[in-house]
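Chemist: You'll find model-v9.cif just under this line, and it carries mmCIF, C-alpha atoms, pLDDT in the B column; chains and numbers go by the auth columns.
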data_coords
loop_
_atom_site.group_PDB
_atom_site.id
_atom_site.type_symbol
_atom_site.label_atom_id
_atom_site.label_comp_id
_atom_site.label_asym_id
_atom_site.label_seq_id
_atom_site.Cartn_x
_atom_site.Cartn_y
_atom_site.Cartn_z
_atom_site.B_iso_or_equiv
_atom_site.auth_seq_id
_atom_site.auth_asym_id
ATOM 1 C CA MET A 1 25.783 -8.808 17.643 46.00 1 F
ATOM 2 C CA GLY A 2 28.088 -5.825 17.955 59.00 2 F
ATOM 3 C CA SER A 3 27.473 -2.201 17.130 85.00 3 F
ATOM 4 C CA LEU A 4 26.990 -2.884 13.414 92.00 4 F
ATOM 5 C CA LEU A 5 23.744 -4.096 11.891 95.00 5 F
ATOM 6 C CA LYS A 6 21.553 -3.238 14.871 93.00 6 F
ATOM 7 C CA GLY A 7 18.570 -2.659 12.575 94.00 7 F
ATOM 8 C CA LEU A 8 18.565 -6.174 11.106 95.00 8 F
ATOM 9 C CA ALA A 9 15.924 -7.411 13.533 93.00 9 F
ATOM 10 C CA GLY A 10 13.589 -4.609 12.465 95.00 10 F
ATOM 11 C CA VAL A 11 13.228 -5.985 8.921 97.00 11 F
ATOM 12 C CA ARG A 12 10.630 -8.686 8.294 97.00 12 F
ATOM 13 C CA TRP A 13 12.973 -10.868 6.294 97.00 13 F
ATOM 14 C CA HIS A 14 10.588 -13.837 6.425 96.00 14 F
ATOM 15 C CA GLU A 15 8.046 -11.808 4.428 96.00 15 F
ATOM 16 C CA LEU A 16 10.516 -10.878 1.686 96.00 16 F
ATOM 17 C CA ARG A 17 11.823 -12.850 -1.269 92.00 17 F
ATOM 18 C CA ASP A 18 15.353 -12.712 -2.601 92.00 18 F
ATOM 19 C CA SER A 19 16.300 -12.433 -6.267 87.00 19 F
ATOM 20 C CA ARG A 20 15.784 -16.193 -6.701 89.00 20 F
ATOM 21 C CA GLN A 21 12.285 -15.895 -5.187 89.00 21 F
ATOM 22 C CA ALA A 22 13.370 -17.813 -2.079 93.00 22 F
ATOM 23 C CA PRO A 23 12.606 -16.527 1.437 95.00 23 F
ATOM 24 C CA ALA A 24 15.098 -13.823 2.407 96.00 24 F
ATOM 25 C CA THR A 25 15.757 -15.252 5.873 97.00 25 F
ATOM 26 C CA GLY A 26 19.327 -16.155 4.883 97.00 26 F
ATOM 27 C CA ILE A 27 20.331 -12.512 4.397 98.00 27 F
ATOM 28 C CA PRO A 28 20.869 -11.492 8.064 98.00 28 F
ATOM 29 C CA PRO A 29 23.314 -14.322 8.825 97.00 29 F
ATOM 30 C CA LEU A 30 25.329 -13.458 5.720 98.00 30 F
ATOM 31 C CA LEU A 31 25.478 -9.785 6.670 97.00 31 F
ATOM 32 C CA SER A 32 26.657 -10.821 10.132 96.00 32 F
ATOM 33 C CA ARG A 33 29.389 -13.008 8.645 96.00 33 F
ATOM 34 C CA ILE A 34 30.553 -10.074 6.549 96.00 34 F
ATOM 35 C CA ALA A 35 30.590 -7.799 9.592 96.00 35 F
ATOM 36 C CA TYR A 36 32.065 -10.137 12.173 94.00 36 F
ATOM 37 C CA GLY A 37 33.769 -12.993 10.340 92.00 37 F
ATOM 38 C CA GLY A 38 37.309 -13.040 9.112 93.00 38 F
ATOM 39 C CA GLU A 39 38.316 -11.996 5.630 93.00 39 F
ATOM 40 C CA GLY A 40 37.765 -15.444 4.105 95.00 40 F
ATOM 41 C CA ALA A 41 34.327 -15.806 5.686 95.00 41 F
ATOM 42 C CA ALA A 42 33.420 -12.285 4.579 96.00 42 F
ATOM 43 C CA ARG A 43 34.402 -12.967 0.959 96.00 43 F
ATOM 44 C CA LEU A 44 32.330 -16.156 0.845 97.00 44 F
ATOM 45 C CA ALA A 45 29.385 -14.388 2.465 97.00 45 F
ATOM 46 C CA ILE A 46 29.551 -11.541 -0.063 97.00 46 F
ATOM 47 C CA ASP A 47 29.452 -14.066 -2.927 96.00 47 F
ATOM 48 C CA GLU A 48 26.461 -15.829 -1.392 97.00 48 F
ATOM 49 C CA LEU A 49 24.704 -12.574 -0.610 97.00 49 F
ATOM 50 C CA GLY A 50 25.304 -11.327 -4.146 96.00 50 F
ATOM 51 C CA ASP A 51 23.466 -14.377 -5.474 94.00 51 F
ATOM 52 C CA MET A 52 20.570 -13.607 -3.153 95.00 52 F
ATOM 53 C CA ILE A 53 20.147 -9.871 -3.770 96.00 53 F
ATOM 54 C CA CYS A 54 21.599 -9.331 -7.246 90.00 54 F
ATOM 55 C CA ALA A 55 21.539 -12.678 -9.027 85.00 55 F
ATOM 56 C CA LEU A 56 23.856 -12.965 -12.014 80.00 56 F
ATOM 57 C CA GLY A 57 25.013 -9.440 -11.184 78.00 57 F
ATOM 58 C CA PHE A 58 21.909 -7.784 -12.658 73.00 58 F
ATOM 59 C CA VAL A 59 18.672 -9.288 -11.269 82.00 59 F
ATOM 60 C CA VAL A 60 17.419 -7.763 -8.022 88.00 60 F
ATOM 61 C CA GLY A 61 14.740 -9.133 -5.757 90.00 61 F
ATOM 62 C CA GLU A 62 12.202 -7.838 -3.306 93.00 62 F
ATOM 63 C CA ALA A 63 14.753 -8.050 -0.460 95.00 63 F
ATOM 64 C CA THR A 64 17.455 -6.110 -2.299 95.00 64 F
ATOM 65 C CA ALA A 65 16.417 -2.569 -1.336 96.00 65 F
ATOM 66 C CA PRO A 66 16.043 -3.420 2.376 97.00 66 F
ATOM 67 C CA THR A 67 19.527 -4.988 2.307 98.00 67 F
ATOM 68 C CA VAL A 68 21.315 -2.016 0.710 98.00 68 F
ATOM 69 C CA PRO A 69 21.402 0.222 3.827 98.00 69 F
ATOM 70 C CA PHE A 70 23.181 -2.578 5.685 98.00 70 F
ATOM 71 C CA LEU A 71 25.702 -2.928 2.856 98.00 71 F
ATOM 72 C CA LEU A 72 26.327 0.810 3.016 98.00 72 F
ATOM 73 C CA GLU A 73 26.716 0.581 6.788 97.00 73 F
ATOM 74 C CA LEU A 74 29.318 -2.159 6.339 97.00 74 F
ATOM 75 C CA VAL A 75 31.150 -0.254 3.612 97.00 75 F
ATOM 76 C CA GLY A 76 31.375 2.787 5.854 95.00 76 F
ATOM 77 C CA ALA A 77 32.464 0.881 8.952 94.00 77 F
ATOM 78 C CA PRO A 78 36.093 1.167 10.062 88.00 78 F
ATOM 79 C CA TYR A 79 38.263 -1.914 9.646 86.00 79 F
ATOM 80 C CA MET A 80 35.852 -3.636 7.272 89.00 80 F
ATOM 81 C CA TRP A 81 37.064 -6.510 5.154 85.00 81 F
ATOM 82 C CA CYS A 82 36.303 -6.592 1.461 94.00 82 F
ATOM 83 C CA ARG A 83 35.074 -3.038 0.902 96.00 83 F
ATOM 84 C CA ALA A 84 35.868 -3.235 -2.799 96.00 84 F
ATOM 85 C CA GLU A 85 33.729 -6.364 -3.181 97.00 85 F
ATOM 86 C CA LEU A 86 30.841 -4.713 -1.344 98.00 86 F
ATOM 87 C CA LEU A 87 31.142 -1.631 -3.563 98.00 87 F
ATOM 88 C CA ASP A 88 31.131 -3.874 -6.653 97.00 88 F
ATOM 89 C CA LEU A 89 27.928 -5.510 -5.421 97.00 89 F
ATOM 90 C CA LEU A 90 26.361 -2.100 -4.875 98.00 90 F
ATOM 91 C CA GLU A 91 27.348 -1.096 -8.406 97.00 91 F
ATOM 92 C CA GLY A 92 25.603 -4.167 -9.818 95.00 92 F
ATOM 93 C CA ILE A 93 22.485 -3.260 -7.868 95.00 93 F
ATOM 94 C CA CYS A 94 22.648 0.330 -9.084 94.00 94 F
ATOM 95 C CA ARG A 95 22.948 -0.758 -12.721 92.00 95 F
ATOM 96 C CA ALA A 96 20.273 -3.494 -12.553 85.00 96 F
ATOM 97 C CA GLU A 97 17.466 -2.994 -15.024 77.00 97 F
ATOM 98 C CA GLN A 98 16.538 -6.546 -15.986 69.00 98 F
ATOM 99 C CA TRP A 99 12.955 -6.261 -14.760 55.00 99 F
ATOM 100 C CA HIS A 100 12.331 -2.991 -16.554 51.00 100 F
ATOM 101 C CA GLY A 101 13.636 -4.502 -19.774 56.00 101 F
ATOM 102 C CA ALA A 102 11.477 -7.597 -19.324 54.00 102 F
ATOM 103 C CA ALA A 103 8.411 -5.506 -18.537 52.00 103 F
ATOM 104 C CA ALA A 104 8.904 -3.367 -21.647 56.00 104 F
ATOM 105 C CA ALA A 105 9.430 -6.432 -23.844 56.00 105 F
ATOM 106 C CA SER A 106 6.466 -8.279 -22.371 59.00 106 F
ATOM 107 C CA ARG A 107 3.926 -5.620 -23.246 59.00 107 F
ATOM 108 C CA ALA A 108 3.722 -7.034 -26.755 50.00 108 F
ATOM 109 C CA ARG A 109 2.933 -10.474 -25.321 48.00 109 F
ATOM 110 C CA ASN A 110 0.469 -9.172 -22.726 48.00 110 F
ATOM 111 C CA THR A 111 2.571 -10.501 -19.869 53.00 111 F
ATOM 112 C CA VAL A 112 2.594 -8.237 -16.857 56.00 112 F
ATOM 113 C CA PHE A 113 5.486 -7.506 -14.516 57.00 113 F
ATOM 114 C CA GLN A 114 4.034 -5.392 -11.736 64.00 114 F
ATOM 115 C CA GLU A 115 6.216 -5.639 -8.650 69.00 115 F
ATOM 116 C CA GLN A 116 9.635 -6.386 -10.119 76.00 116 F
ATOM 117 C CA PRO A 117 10.353 -3.011 -11.763 74.00 117 F
ATOM 118 C CA ALA A 118 9.525 -1.324 -8.452 80.00 118 F
ATOM 119 C CA TRP A 119 12.189 -3.499 -6.792 81.00 119 F
ATOM 120 C CA GLU A 120 14.770 -2.017 -9.171 85.00 120 F
ATOM 121 C CA VAL A 121 13.600 1.533 -8.525 87.00 121 F
ATOM 122 C CA ALA A 122 13.763 1.038 -4.744 90.00 122 F
ATOM 123 C CA ALA A 123 17.136 -0.712 -4.867 93.00 123 F
ATOM 124 C CA ARG A 124 18.712 1.986 -7.028 93.00 124 F
ATOM 125 C CA ALA A 125 17.319 4.720 -4.768 94.00 125 F
ATOM 126 C CA ALA A 126 18.736 2.913 -1.727 96.00 126 F
ATOM 127 C CA VAL A 127 22.185 2.776 -3.330 97.00 127 F
ATOM 128 C CA ARG A 128 22.026 6.449 -4.281 96.00 128 F
ATOM 129 C CA ALA A 129 21.071 7.334 -0.697 97.00 129 F
ATOM 130 C CA GLY A 130 24.546 6.201 0.336 97.00 130 F
ATOM 131 C CA ARG A 131 26.361 8.566 -1.994 97.00 131 F
ATOM 132 C CA SER A 132 28.114 10.472 0.802 97.00 132 F
ATOM 133 C CA ILE A 133 29.587 7.243 2.187 97.00 133 F
ATOM 134 C CA VAL A 134 30.811 6.232 -1.259 97.00 134 F
ATOM 135 C CA GLU A 135 32.274 9.703 -1.914 97.00 135 F
ATOM 136 C CA GLY A 136 34.348 9.367 1.250 95.00 136 F
ATOM 137 C CA LEU A 137 35.679 6.009 0.101 96.00 137 F
ATOM 138 C CA ALA A 138 36.581 7.385 -3.329 96.00 138 F
ATOM 139 C CA LEU A 139 39.467 9.140 -1.560 93.00 139 F
ATOM 140 C CA SER A 140 40.715 5.928 0.084 91.00 140 F
ATOM 141 C CA VAL A 141 44.453 5.313 0.164 92.00 141 F
ATOM 142 C CA ARG A 142 43.682 1.689 -0.701 93.00 142 F
ATOM 143 C CA PRO A 143 43.612 1.649 -4.511 94.00 143 F
ATOM 144 C CA GLU A 144 41.081 -1.196 -4.829 95.00 144 F
ATOM 145 C CA GLU A 145 38.627 0.591 -2.523 95.00 145 F
ATOM 146 C CA GLY A 146 39.089 4.001 -4.114 96.00 146 F
ATOM 147 C CA GLU A 147 38.645 2.662 -7.641 97.00 147 F
ATOM 148 C CA ALA A 148 35.565 0.606 -6.710 97.00 148 F
ATOM 149 C CA ALA A 149 34.033 3.672 -5.023 97.00 149 F
ATOM 150 C CA ARG A 150 34.742 5.894 -8.039 97.00 150 F
ATOM 151 C CA THR A 151 33.237 3.245 -10.335 97.00 151 F
ATOM 152 C CA LEU A 152 30.092 3.154 -8.204 97.00 152 F
ATOM 153 C CA LEU A 153 29.880 6.951 -8.247 97.00 153 F
ATOM 154 C CA ARG A 154 30.136 6.869 -12.061 97.00 154 F
ATOM 155 C CA ALA A 155 27.331 4.303 -12.145 96.00 155 F
ATOM 156 C CA MET A 156 25.173 6.529 -9.954 96.00 156 F
ATOM 157 C CA ASP A 157 25.742 9.387 -12.410 96.00 157 F
ATOM 158 C CA GLU A 158 25.480 7.385 -15.636 94.00 158 F
ATOM 159 C CA VAL A 159 22.382 5.260 -15.189 87.00 159 F
ATOM 160 C CA ALA A 160 19.387 6.930 -16.710 78.00 160 F
ATOM 161 C CA PRO A 161 16.142 7.202 -14.783 76.00 161 F
ATOM 162 C CA PHE A 162 13.827 4.264 -15.295 68.00 162 F
ATOM 163 C CA PRO A 163 11.144 4.799 -17.930 65.00 163 F
ATOM 164 C CA ASP A 164 7.505 4.863 -16.886 64.00 164 F
ATOM 165 C CA LEU A 165 5.882 1.515 -17.468 55.00 165 F
#
Rewrite the structure from the file as structure tokens, please.

Modeler:
Amino acid sequence: MGSLLKGLAGVRWHELRDSRQAPATGIPPLLSRIAYGGEGAARLAIDELGDMICALGFVVGEATAPTVPFLLELVGAPYMWCRAELLDLLEGICRAEQWHGAAAASRARNTVFQEQPAWEVAARAAVRAGRSIVEGLALSVRPEEGEAARTLLRAMDEVAPFPDL
């Protein structure tokens, strides 16, 4: 591995579940393909990774928050393919609130969602922690990157805090 993604080995991916409740061991190879593959490989890897950490564009998993810092690292890296797609994925993560909605609706049926809402809180906080990186990209001379960054910044500002459950 090159200079990017050095911290991947420090995450216990085998102990985490993705948004489909499968083991998260497939996340590091996808991040590596995004970082070191060509543009086509990176695009395919982003699609696959999106399914694993933000299924359907709005359902996060336990492994989502630990993945976000690596996405932000990739977005901020020079000469990175597919920045706009990565920023779009980060926006989906930032806006995700499926588990909070399900938890609120399930109270009437006495069904309990305990861990899942915390996944959303952690994932959103991880995205917001990269605000300075995203602000830098909002000034990009590449229109698709600049617009995606500005859209993510709007999402960071617009999403309301999660309600207490």

Chemist: Would you mind reading off the distance between CA of Trp13 (chain F) and CA of Gly50 (chain F), one decimal, in Å?

Modeler: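 Going from CA of Trp13 (chain F) over to CA of Gly50 (chain F) covers 16.2 Å.
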
Chemist: Written as a PyMOL selection string, what is the full residue list that the PyMOL selection byres ((chain F and resi 130-134) around 8) yields on the file shown?

Modeler: chain F and resi 69+72+75-76+126-129+135-138+149-150+152-153

Chemist: With C-alpha atoms retained, write the just-selected residues as a PDB file, in the frame of the given file.

Modeler:
ATOM      1  CA  PRO F  69      21.402   0.222   3.827  1.00 98.00           C
ATOM      2  CA  LEU F  72      26.327   0.810   3.016  1.00 98.00           C
ATOM      3  CA  VAL F  75      31.150  -0.254   3.612  1.00 97.00           C
ATOM      4  CA  GLY F  76      31.375   2.787   5.854  1.00 95.00           C
ATOM      5  CA  ALA F 126      18.736   2.913  -1.727  1.00 96.00           C
ATOM      6  CA  VAL F 127      22.185   2.776  -3.330  1.00 97.00           C
ATOM      7  CA  ARG F 128      22.026   6.449  -4.281  1.00 96.00           C
ATOM      8  CA  ALA F 129      21.071   7.334  -0.697  1.00 97.00           C
ATOM      9  CA  GLU F 135      32.274   9.703  -1.914  1.00 97.00           C
ATOM     10  CA  GLY F 136      34.348   9.367   1.250  1.00 95.00           C
ATOM     11  CA  LEU F 137      35.679   6.009   0.101  1.00 96.00           C
ATOM     12  CA  ALA F 138      36.581   7.385  -3.329  1.00 96.00           C
ATOM     13  CA  ALA F 149      34.033   3.672  -5.023  1.00 97.00           C
ATOM     14  CA  ARG F 150      34.742   5.894  -8.039  1.00 97.00           C
ATOM     15  CA  LEU F 152      30.092   3.154  -8.204  1.00 97.00           C
ATOM     16  CA  LEU F 153      29.880   6.951  -8.247  1.00 97.00           C
TER      17      LEU F 153
END

Chemist: One decimal, in Å: what's the spacing between CA of Ala24 (chain F) and CA of Thr64 (chain F)?

Modeler: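 It comes out at 9.3 Å.
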
Chemist: Have a look at F:Arg43, F:His14, F:Lys6, F:Arg95 and name the one nearest to Met80 (chain F); count all atoms listed in the file.

Modeler: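 Of F:Arg43, F:His14, F:Lys6, F:Arg95, the one nearest Met80 (chain F), counting all atoms listed in the file, is F:Arg43.
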
Chemist: Quick one: everything within 9 Å of Arg17 (chain F), counting all atoms listed in the file, minus sequence neighbours fewer than 6 positions away in the same chain. Send it as a PyMOL selection string.

Modeler: chain F and resi 23-25+52+61-64

Chemist: Restore N, CA, C and O atoms in region 140-163 of chain F and list the result as an mmCIF file, in the coordinates of the input.

Modeler:
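Saved result, part.cif, follows:
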data_model
loop_
_atom_site.group_PDB
_atom_site.id
_atom_site.type_symbol
_atom_site.label_atom_id
_atom_site.label_comp_id
_atom_site.auth_asym_id
_atom_site.auth_seq_id
_atom_site.Cartn_x
_atom_site.Cartn_y
_atom_site.Cartn_z
ATOM 1 N N SER F 140 39.974 6.918 -0.698
ATOM 2 C CA SER F 140 40.715 5.928 0.084
ATOM 3 C C SER F 140 42.156 5.787 -0.409
ATOM 4 O O SER F 140 42.431 5.868 -1.610
ATOM 5 N N VAL F 141 43.059 5.556 0.528
ATOM 6 C CA VAL F 141 44.453 5.313 0.164
ATOM 7 C C VAL F 141 44.646 3.889 -0.348
ATOM 8 O O VAL F 141 45.688 3.580 -0.916
ATOM 9 N N ARG F 142 43.642 3.053 -0.162
ATOM 10 C CA ARG F 142 43.682 1.689 -0.701
ATOM 11 C C ARG F 142 43.163 1.735 -2.136
ATOM 12 O O ARG F 142 41.984 2.019 -2.368
ATOM 13 N N PRO F 143 44.012 1.481 -3.103
ATOM 14 C CA PRO F 143 43.612 1.649 -4.511
ATOM 15 C C PRO F 143 42.366 0.860 -4.902
ATOM 16 O O PRO F 143 41.515 1.384 -5.625
ATOM 17 N N GLU F 144 42.235 -0.380 -4.430
ATOM 18 C CA GLU F 144 41.081 -1.196 -4.829
ATOM 19 C C GLU F 144 39.780 -0.609 -4.289
ATOM 20 O O GLU F 144 38.751 -0.652 -4.950
ATOM 21 N N GLU F 145 39.823 -0.030 -3.093
ATOM 22 C CA GLU F 145 38.627 0.591 -2.523
ATOM 23 C C GLU F 145 38.302 1.895 -3.243
ATOM 24 O O GLU F 145 37.146 2.156 -3.585
ATOM 25 N N GLY F 146 39.304 2.721 -3.448
ATOM 26 C CA GLY F 146 39.089 4.001 -4.114
ATOM 27 C C GLY F 146 38.539 3.823 -5.516
ATOM 28 O O GLY F 146 37.597 4.513 -5.917
ATOM 29 N N GLU F 147 39.112 2.893 -6.268
ATOM 30 C CA GLU F 147 38.645 2.662 -7.641
ATOM 31 C C GLU F 147 37.219 2.110 -7.651
ATOM 32 O O GLU F 147 36.388 2.543 -8.459
ATOM 33 N N ALA F 148 36.922 1.160 -6.771
ATOM 34 C CA ALA F 148 35.565 0.606 -6.710
ATOM 35 C C ALA F 148 34.557 1.692 -6.335
ATOM 36 O O ALA F 148 33.449 1.740 -6.881
ATOM 37 N N ALA F 149 34.927 2.581 -5.418
ATOM 38 C CA ALA F 149 34.033 3.672 -5.023
ATOM 39 C C ALA F 149 33.821 4.642 -6.190
ATOM 40 O O ALA F 149 32.683 5.072 -6.441
ATOM 41 N N ARG F 150 34.884 4.977 -6.891
ATOM 42 C CA ARG F 150 34.742 5.894 -8.039
ATOM 43 C C ARG F 150 33.902 5.250 -9.145
ATOM 44 O O ARG F 150 33.096 5.928 -9.794
ATOM 45 N N THR F 151 34.043 3.955 -9.341
ATOM 46 C CA THR F 151 33.237 3.245 -10.335
ATOM 47 C C THR F 151 31.764 3.276 -9.947
ATOM 48 O O THR F 151 30.892 3.492 -10.799
ATOM 49 N N LEU F 152 31.480 3.076 -8.666
ATOM 50 C CA LEU F 152 30.092 3.154 -8.204
ATOM 51 C C LEU F 152 29.544 4.563 -8.369
ATOM 52 O O LEU F 152 28.399 4.747 -8.796
ATOM 53 N N LEU F 153 30.335 5.564 -8.059
ATOM 54 C CA LEU F 153 29.880 6.951 -8.247
ATOM 55 C C LEU F 153 29.569 7.229 -9.722
ATOM 56 O O LEU F 153 28.569 7.890 -10.037
ATOM 57 N N ARG F 154 30.412 6.705 -10.626
ATOM 58 C CA ARG F 154 30.136 6.869 -12.061
ATOM 59 C C ARG F 154 28.813 6.197 -12.422
ATOM 60 O O ARG F 154 28.012 6.752 -13.186
ATOM 61 N N ALA F 155 28.586 5.011 -11.869
ATOM 62 C CA ALA F 155 27.331 4.303 -12.145
ATOM 63 C C ALA F 155 26.137 5.119 -11.657
ATOM 64 O O ALA F 155 25.125 5.230 -12.362
ATOM 65 N N MET F 156 26.263 5.700 -10.481
ATOM 66 C CA MET F 156 25.173 6.529 -9.954
ATOM 67 C C MET F 156 24.872 7.695 -10.890
ATOM 68 O O MET F 156 23.717 8.093 -11.046
ATOM 69 N N ASP F 157 25.913 8.247 -11.510
ATOM 70 C CA ASP F 157 25.742 9.387 -12.410
ATOM 71 C C ASP F 157 25.304 8.975 -13.815
ATOM 72 O O ASP F 157 24.606 9.732 -14.489
ATOM 73 N N GLU F 158 25.717 7.804 -14.247
ATOM 74 C CA GLU F 158 25.480 7.385 -15.636
ATOM 75 C C GLU F 158 24.121 6.742 -15.877
ATOM 76 O O GLU F 158 23.565 6.905 -16.966
ATOM 77 N N VAL F 159 23.619 5.995 -14.915
ATOM 78 C CA VAL F 159 22.382 5.260 -15.189
ATOM 79 C C VAL F 159 21.228 6.244 -15.352
ATOM 80 O O VAL F 159 21.039 7.147 -14.554
ATOM 81 N N ALA F 160 20.516 6.054 -16.417
ATOM 82 C CA ALA F 160 19.387 6.930 -16.710
ATOM 83 C C ALA F 160 18.219 6.584 -15.799
ATOM 84 O O ALA F 160 18.123 5.448 -15.328
ATOM 85 N N PRO F 161 17.336 7.525 -15.566
ATOM 86 C CA PRO F 161 16.142 7.202 -14.783
ATOM 87 C C PRO F 161 15.342 6.107 -15.489
ATOM 88 O O PRO F 161 15.390 5.985 -16.718
ATOM 89 N N PHE F 162 14.647 5.318 -14.711
ATOM 90 C CA PHE F 162 13.827 4.264 -15.295
ATOM 91 C C PHE F 162 12.663 4.890 -16.062
ATOM 92 O O PHE F 162 12.080 5.881 -15.615
ATOM 93 N N PRO F 163 12.303 4.289 -17.192
ATOM 94 C CA PRO F 163 11.144 4.799 -17.930
ATOM 95 C C PRO F 163 9.852 4.437 -17.200
ATOM 96 O O PRO F 163 9.804 3.476 -16.436
#
